[in-house]
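**Q** This is the content of model24.tsv (TSV, C-alpha atoms):
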```
chain	number	residue	atom	x	y	z
A	27	MET	CA	-10.22	-13.09	-17.29
A	28	ALA	CA	-8.07	-10.40	-18.87
A	29	GLU	CA	-10.88	-7.95	-18.18
A	30	ALA	CA	-10.97	-8.99	-14.51
A	31	THR	CA	-7.27	-8.35	-13.97
A	32	ARG	CA	-7.13	-4.99	-15.76
A	33	PRO	CA	-6.09	-2.25	-13.28
A	34	ARG	CA	-8.83	0.18	-12.30
A	35	PRO	CA	-8.21	3.87	-11.62
A	36	ARG	CA	-8.44	4.94	-7.97
A	37	LEU	CA	-11.81	6.14	-6.77
A	38	SER	CA	-12.33	9.88	-6.40
A	39	GLY	CA	-14.92	10.65	-3.73
A	40	VAL	CA	-16.78	8.71	-1.07
A	41	SER	CA	-16.18	4.96	-1.03
A	42	PRO	CA	-19.19	2.82	-1.99
A	43	LEU	CA	-18.31	0.74	1.09
A	44	ALA	CA	-18.43	3.71	3.50
A	45	ARG	CA	-21.64	2.41	5.12
A	46	ALA	CA	-20.81	-1.29	5.02
A	47	SER	CA	-21.93	-2.96	8.24
A	48	LYS	CA	-23.50	-6.12	9.62
A	49	ARG	CA	-26.86	-4.44	9.02
A	50	SER	CA	-26.25	-3.83	5.31
A	51	LYS	CA	-29.13	-5.01	3.17
A	52	PRO	CA	-28.71	-7.82	0.60
A	53	GLU	CA	-29.40	-5.35	-2.22
A	54	ASP	CA	-26.49	-3.16	-1.03
A	55	VAL	CA	-24.18	-6.17	-1.05
A	56	ALA	CA	-25.48	-7.22	-4.47
A	57	LYS	CA	-24.68	-3.78	-5.89
A	58	ILE	CA	-21.05	-4.02	-4.77
A	59	PHE	CA	-20.84	-7.60	-6.01
A	60	LYS	CA	-21.99	-6.53	-9.46
A	61	GLU	CA	-19.43	-3.71	-9.57
A	62	ALA	CA	-16.60	-6.07	-8.62
A	63	ASP	CA	-17.65	-9.02	-10.83
A	64	ALA	CA	-15.83	-7.80	-13.93
A	65	ASN	CA	-16.46	-10.88	-16.06
A	66	GLY	CA	-20.03	-11.41	-14.84
A	67	ASP	CA	-19.61	-15.08	-13.96
A	68	GLY	CA	-21.31	-14.83	-10.56
A	69	VAL	CA	-18.22	-15.33	-8.38
A	70	LEU	CA	-15.41	-12.99	-7.40
A	71	SER	CA	-11.91	-14.24	-8.09
A	72	LEU	CA	-8.89	-13.05	-6.16
A	73	GLU	CA	-7.89	-10.99	-9.20
A	74	GLU	CA	-11.30	-9.30	-9.31
A	75	LEU	CA	-11.10	-8.45	-5.62
A	76	GLN	CA	-7.59	-7.09	-6.09
A	77	ALA	CA	-8.80	-4.91	-8.96
A	78	TYR	CA	-11.87	-3.62	-7.09
A	79	LEU	CA	-10.65	-3.38	-3.50
A	80	GLY	CA	-6.99	-2.76	-4.26
A	81	ASP	CA	-6.74	-0.70	-7.45
A	82	TYR	CA	-10.11	1.05	-7.19
A	83	LEU	CA	-10.67	1.49	-3.44
A	84	GLY	CA	-7.08	1.47	-2.16
A	85	TYR	CA	-6.94	-1.51	0.23
A	86	GLY	CA	-3.71	-3.40	0.87
A	87	ASP	CA	-3.09	-6.72	-0.85
A	88	THR	CA	-2.52	-8.67	2.37
A	89	GLU	CA	-5.97	-7.72	3.64
A	90	ILE	CA	-7.58	-8.62	0.30
A	91	ARG	CA	-5.93	-12.04	0.23
A	92	ALA	CA	-7.03	-12.71	3.81
A	93	PHE	CA	-10.62	-11.75	2.94
A	94	PHE	CA	-10.59	-14.03	-0.10
A	95	ALA	CA	-9.17	-16.96	1.87
A	96	GLU	CA	-11.77	-16.59	4.63
A	97	HIS	CA	-14.86	-16.10	2.48
A	98	LYS	CA	-14.27	-18.02	-0.77
A	99	GLY	CA	-16.19	-21.07	-1.84
A	100	ASP	CA	-15.15	-23.68	-4.41
A	101	ASN	CA	-14.71	-21.18	-7.25
A	102	GLY	CA	-14.34	-17.84	-5.50
A	103	VAL	CA	-16.37	-15.47	-3.32
A	104	ASP	CA	-20.10	-15.62	-4.05
A	105	THR	CA	-22.75	-13.17	-2.83
A	106	GLU	CA	-23.22	-15.12	0.40
A	107	GLY	CA	-19.50	-14.99	1.12
A	108	LEU	CA	-19.40	-11.27	0.39
A	109	GLN	CA	-22.38	-10.73	2.70
A	110	LYS	CA	-20.64	-12.56	5.55
A	111	GLY	CA	-17.52	-10.42	5.32
A	112	PHE	CA	-19.18	-7.20	4.18
A	113	ALA	CA	-18.85	-5.27	7.46
A	114	SER	CA	-15.09	-5.84	7.53
A	115	LEU	CA	-14.73	-3.98	4.21
A	116	ASN	CA	-15.79	-0.59	5.58
A	117	PRO	CA	-12.70	1.52	4.78
A	118	TYR	CA	-13.20	3.83	7.76
A	119	LEU	CA	-13.62	1.15	10.45
A	120	VAL	CA	-10.97	-1.41	11.37
A	121	SER	CA	-12.18	-3.45	14.33
A	122	LYS	CA	-11.48	-6.66	16.21
A	123	ARG	CA	-8.41	-7.81	14.29
A	124	GLN	CA	-5.42	-9.79	15.50
A	125	GLY	CA	-2.06	-10.10	13.77
A	126	ALA	CA	-3.34	-8.31	10.67
A	127	LEU	CA	-1.70	-5.92	8.20
A	128	ILE	CA	-4.16	-3.21	7.19
A	129	VAL	CA	-3.32	-0.61	4.54
A	130	ARG	CA	-5.35	2.33	3.27
A	131	LYS	CA	-3.63	3.76	0.21
A	132	PRO	CA	-3.78	7.38	-1.01
A	133	GLY	CA	-7.32	8.26	-2.10
A	134	SER	CA	-9.03	5.58	-0.02
A	135	VAL	CA	-10.33	7.61	2.96
A	136	CYS	CA	-9.80	11.29	2.08
A	137	ALA	CA	-13.36	12.12	1.00
A	138	PRO	CA	-14.89	15.08	2.91
A	139	GLY	CA	-15.95	13.97	6.39
A	140	GLY	CA	-13.75	10.88	6.31
A	141	GLN	CA	-13.33	9.69	9.91
A	142	MET	CA	-11.08	6.72	10.66
A	143	ASN	CA	-11.89	4.42	13.57
A	144	LEU	CA	-9.38	1.79	14.73
A	145	GLU	CA	-10.61	-0.28	17.65
A	146	ASP	CA	-9.87	-3.48	19.53
A	147	LEU	CA	-6.74	-4.44	17.58
A	148	THR	CA	-3.96	-6.72	18.84
A	149	ASP	CA	-0.53	-7.26	17.28
A	150	CYS	CA	-1.60	-5.42	14.11
A	151	THR	CA	0.14	-3.05	11.72
A	152	VAL	CA	-2.15	-0.34	10.35
A	153	LEU	CA	-0.92	2.08	7.69
A	154	VAL	CA	-3.34	4.91	6.87
A	155	CYS	CA	-1.46	6.43	3.94
A	156	ASP	CA	-4.04	9.09	3.20
A	157	ARG	CA	-5.59	12.28	4.54
A	158	SER	CA	-8.48	12.11	6.98
A	159	GLU	CA	-10.77	14.53	8.78
A	160	GLN	CA	-10.60	12.91	12.21
A	161	VAL	CA	-9.16	9.72	13.73
A	162	PHE	CA	-10.15	7.63	16.75
A	163	VAL	CA	-7.92	4.82	18.01
A	164	ASP	CA	-9.31	2.79	20.92
A	165	GLU	CA	-8.26	-0.32	22.85
A	166	CYS	CA	-5.31	-1.35	20.73
A	167	LYS	CA	-2.50	-3.50	22.11
A	168	ASN	CA	1.01	-4.11	20.75
A	169	CYS	CA	0.21	-2.46	17.43
A	170	ARG	CA	2.16	-0.30	14.99
A	171	VAL	CA	-0.01	2.47	13.55
A	172	LEU	CA	0.72	5.14	10.95
A	173	ILE	CA	-1.79	7.98	10.68
A	174	GLY	CA	-1.25	10.18	7.62
A	175	PRO	CA	-2.13	13.90	7.83
A	176	CYS	CA	-5.32	14.42	9.82
A	177	ASN	CA	-7.08	17.73	9.27
A	178	SER	CA	-8.33	18.09	12.84
A	179	SER	CA	-7.88	15.90	15.94
A	180	THR	CA	-6.54	12.41	16.52
A	181	PHE	CA	-7.83	10.68	19.67
A	182	ILE	CA	-5.87	7.71	21.05
A	183	ARG	CA	-7.44	6.03	24.07
A	184	ASP	CA	-6.94	2.88	26.16
A	185	CYS	CA	-3.95	1.67	24.14
A	186	GLU	CA	-0.98	-0.28	25.48
A	187	GLY	CA	2.43	-1.22	24.10
A	188	CYS	CA	1.84	0.48	20.75
A	189	THR	CA	4.00	2.61	18.46
A	190	PHE	CA	2.32	5.45	16.59
A	191	TRP	CA	3.43	7.68	13.74
A	192	VAL	CA	0.90	10.53	13.70
A	193	ALA	CA	0.57	13.71	11.64
A	194	THR	CA	-2.34	15.75	12.96
A	195	ARG	CA	-3.53	19.17	13.95
A	196	GLN	CA	-4.04	18.03	17.55
A	197	LEU	CA	-3.28	14.80	19.41
A	198	ARG	CA	-5.27	13.78	22.48
A	199	THR	CA	-4.43	10.67	24.50
A	200	ARG	CA	-6.30	9.12	27.42
A	201	ASP	CA	-5.62	6.04	29.53
A	202	CYS	CA	-2.68	4.91	27.40
A	203	LYS	CA	0.29	2.95	28.75
A	204	ASP	CA	3.78	2.20	27.46
A	205	CYS	CA	3.29	3.76	24.00
A	206	LYS	CA	5.70	5.56	21.68
A	207	PHE	CA	4.64	8.49	19.52
A	208	PHE	CA	6.47	9.94	16.53
A	209	LEU	CA	4.46	13.10	16.16
A	210	HIS	CA	3.87	16.07	13.88
A	211	SER	CA	1.28	18.35	15.46
A	212	HIS	CA	0.38	22.03	15.38
A	213	THR	CA	-0.21	21.97	19.14
A	214	GLU	CA	1.29	20.27	22.17
A	215	PRO	CA	-0.25	16.82	22.77
A	216	ILE	CA	-3.01	16.66	25.37
A	217	ILE	CA	-2.28	13.74	27.70
A	218	GLU	CA	-4.86	12.47	30.20
A	219	SER	CA	-4.52	9.60	32.70
A	220	SER	CA	-1.64	7.99	30.79
A	221	LYS	CA	1.82	6.75	31.79
A	222	ASP	CA	5.10	5.62	30.27
A	223	LEU	CA	4.62	7.51	27.03
A	224	SER	CA	7.53	8.73	24.90
A	225	PHE	CA	7.55	11.24	22.06
A	226	GLY	CA	9.78	11.94	19.08
A	227	PRO	CA	9.50	13.78	15.75
A	228	PHE	CA	7.40	12.31	12.96
A	229	CYS	CA	9.69	10.20	10.77
A	230	ALA	CA	7.43	8.13	8.50
A	231	SER	CA	7.17	8.32	4.71
A	232	TYR	CA	5.00	7.03	1.89
A	233	PRO	CA	4.39	8.11	-1.73
A	234	GLY	CA	2.26	11.26	-1.73
A	235	LEU	CA	2.88	12.22	1.91
A	236	SER	CA	4.26	15.68	1.08
A	237	ARG	CA	1.17	16.47	-0.99
A	238	HIS	CA	-1.07	15.28	1.84
A	239	PHE	CA	0.73	17.60	4.27
A	240	GLU	CA	0.08	20.51	1.90
A	241	GLU	CA	-3.57	19.61	1.29
A	242	SER	CA	-4.16	19.29	5.04
A	243	GLN	CA	-2.29	22.56	5.67
A	244	LEU	CA	0.00	20.81	8.14
A	245	ASP	CA	3.20	21.70	6.31
A	246	GLY	CA	3.53	25.16	7.83
```
Written as structure tokens, how would this file's structure read?
**A**
Amino acid sequence: MAEATRPRPRLSGVSPLARASKRSKPEDVAKIFKEADANGDGVLSLEELQAYLGDYLGYGDTEIRAFFAEHKGDNGVDTEGLQKGFASLNPYLVSKRQGALIVRKPGSVCAPGGQMNLEDLTDCTVLVCDRSEQVFVDECKNCRVLIGPCNSSTFIRDCEGCTFWVATRQLRTRDCKDCKFFLHSHTEPIIESSKDLSFGPFCASYPGLSRHFEESQLDG
């Protein structure tokens, strides 16, 4: 078990879960299972998931614990349990969640072409503490969302009662209502068919944010 709980260095490059979906093949799930099963006993313990998803891929601990609780069997998460929850582990897609805390730590989504999609979320807190190429936020209600430096455009559409902290090259909103934005942008926000929006300066912080601003060339 000591091997299972040993911290793993953060991934550099594209996440092996970047294409995780409901259509993922059993052999794709089995490959991830083998990578995460540090002691080779055929089940994934909470500690093994924390090492693989948390240390290696940069997911937040609350999300990992929730996944384990939902998909574990008698001794842990087996391949069938991992298959059932596999789509929810895609780092770039957070969808259909309620009352959840979702964290993407530095290094988790910054691979070239990394596009974040947040959709159909209610009463959630989402902290994207990393660089991204593009971000889409759709149909979120009563959420708190932090978007770390985005190299191009952030699109926020059909959201209501949310608070956003966004660092981006360009912000575009459409059909949003009663939302607050704390914004760092190189251009004025583009607002379409929205009402009761308020704006203030970006005021969020996380370890590595200054470096992400520099790497995204948003610090000028």
**Q** For the interface of stretch 91-196 of chain A with stretch 232-239 of chain A (cut-off 9 Å, counting all atoms listed in the file), please tabulate each contacting residue of stretch 91-196 of chain A alongside its nearest pair of atoms and their separation in Å to one decimal, rows sorted by chain and increasing number, as JSON lines.
**A**
```
{"residue": "A:Pro132", "atom": "CA", "partner": "A:Gly234", "partner_atom": "CA", "distance": 7.2}
{"residue": "A:Cys155", "atom": "CA", "partner": "A:Tyr232", "partner_atom": "CA", "distance": 6.8}
{"residue": "A:Asp156", "atom": "CA", "partner": "A:His238", "partner_atom": "CA", "distance": 7.0}
{"residue": "A:Arg157", "atom": "CA", "partner": "A:His238", "partner_atom": "CA", "distance": 6.1}
{"residue": "A:Gly174", "atom": "CA", "partner": "A:Leu235", "partner_atom": "CA", "distance": 7.3}
{"residue": "A:Pro175", "atom": "CA", "partner": "A:Phe239", "partner_atom": "CA", "distance": 5.9}
{"residue": "A:Cys176", "atom": "CA", "partner": "A:Phe239", "partner_atom": "CA", "distance": 8.8}
{"residue": "A:Ala193", "atom": "CA", "partner": "A:Phe239", "partner_atom": "CA", "distance": 8.3}
```
**Q** Enter the distance from atom CA of A:Asp63 to atom CA of A:Glu106, in Å, rounded to one decimal.
**A**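 Calculated distance between atom CA of A:Asp63 and atom CA of A:Glu106 is 13.9 Å.
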**Q** If we count all atoms listed in the file, what is near A:Trp191 at a cut-off of 8 Å, once residues fewer than 4 positions away on the same chain are taken out, given as a list of chain:residue names?
**A** A:Val171, A:Leu172, A:Ile173, A:Phe207, A:Phe208, A:Leu209, A:Phe228, A:Cys229, A:Ala230
**Q** Between atom CA of A:Ser47 and atom CA of A:Val135, what is the spacing in Å?
**A**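 Pair atom CA of A:Val135 / atom CA of A:Ser47 returns 16.6 Å.
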**Q** So which one's closest to A:Val152, A:Ser71, A:Asn177, A:Thr88, A:Thr194? Using all atoms listed in the file, please.
**A**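 When distances to A:Val152 are compared using all atoms listed in the file, the smallest one comes from A:Thr88.
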**Q** Can you tell me how far atom CA of A:Val103 sits from atom CA of A:Cys169, in Å to one decimal?
**A** 29.6 Å
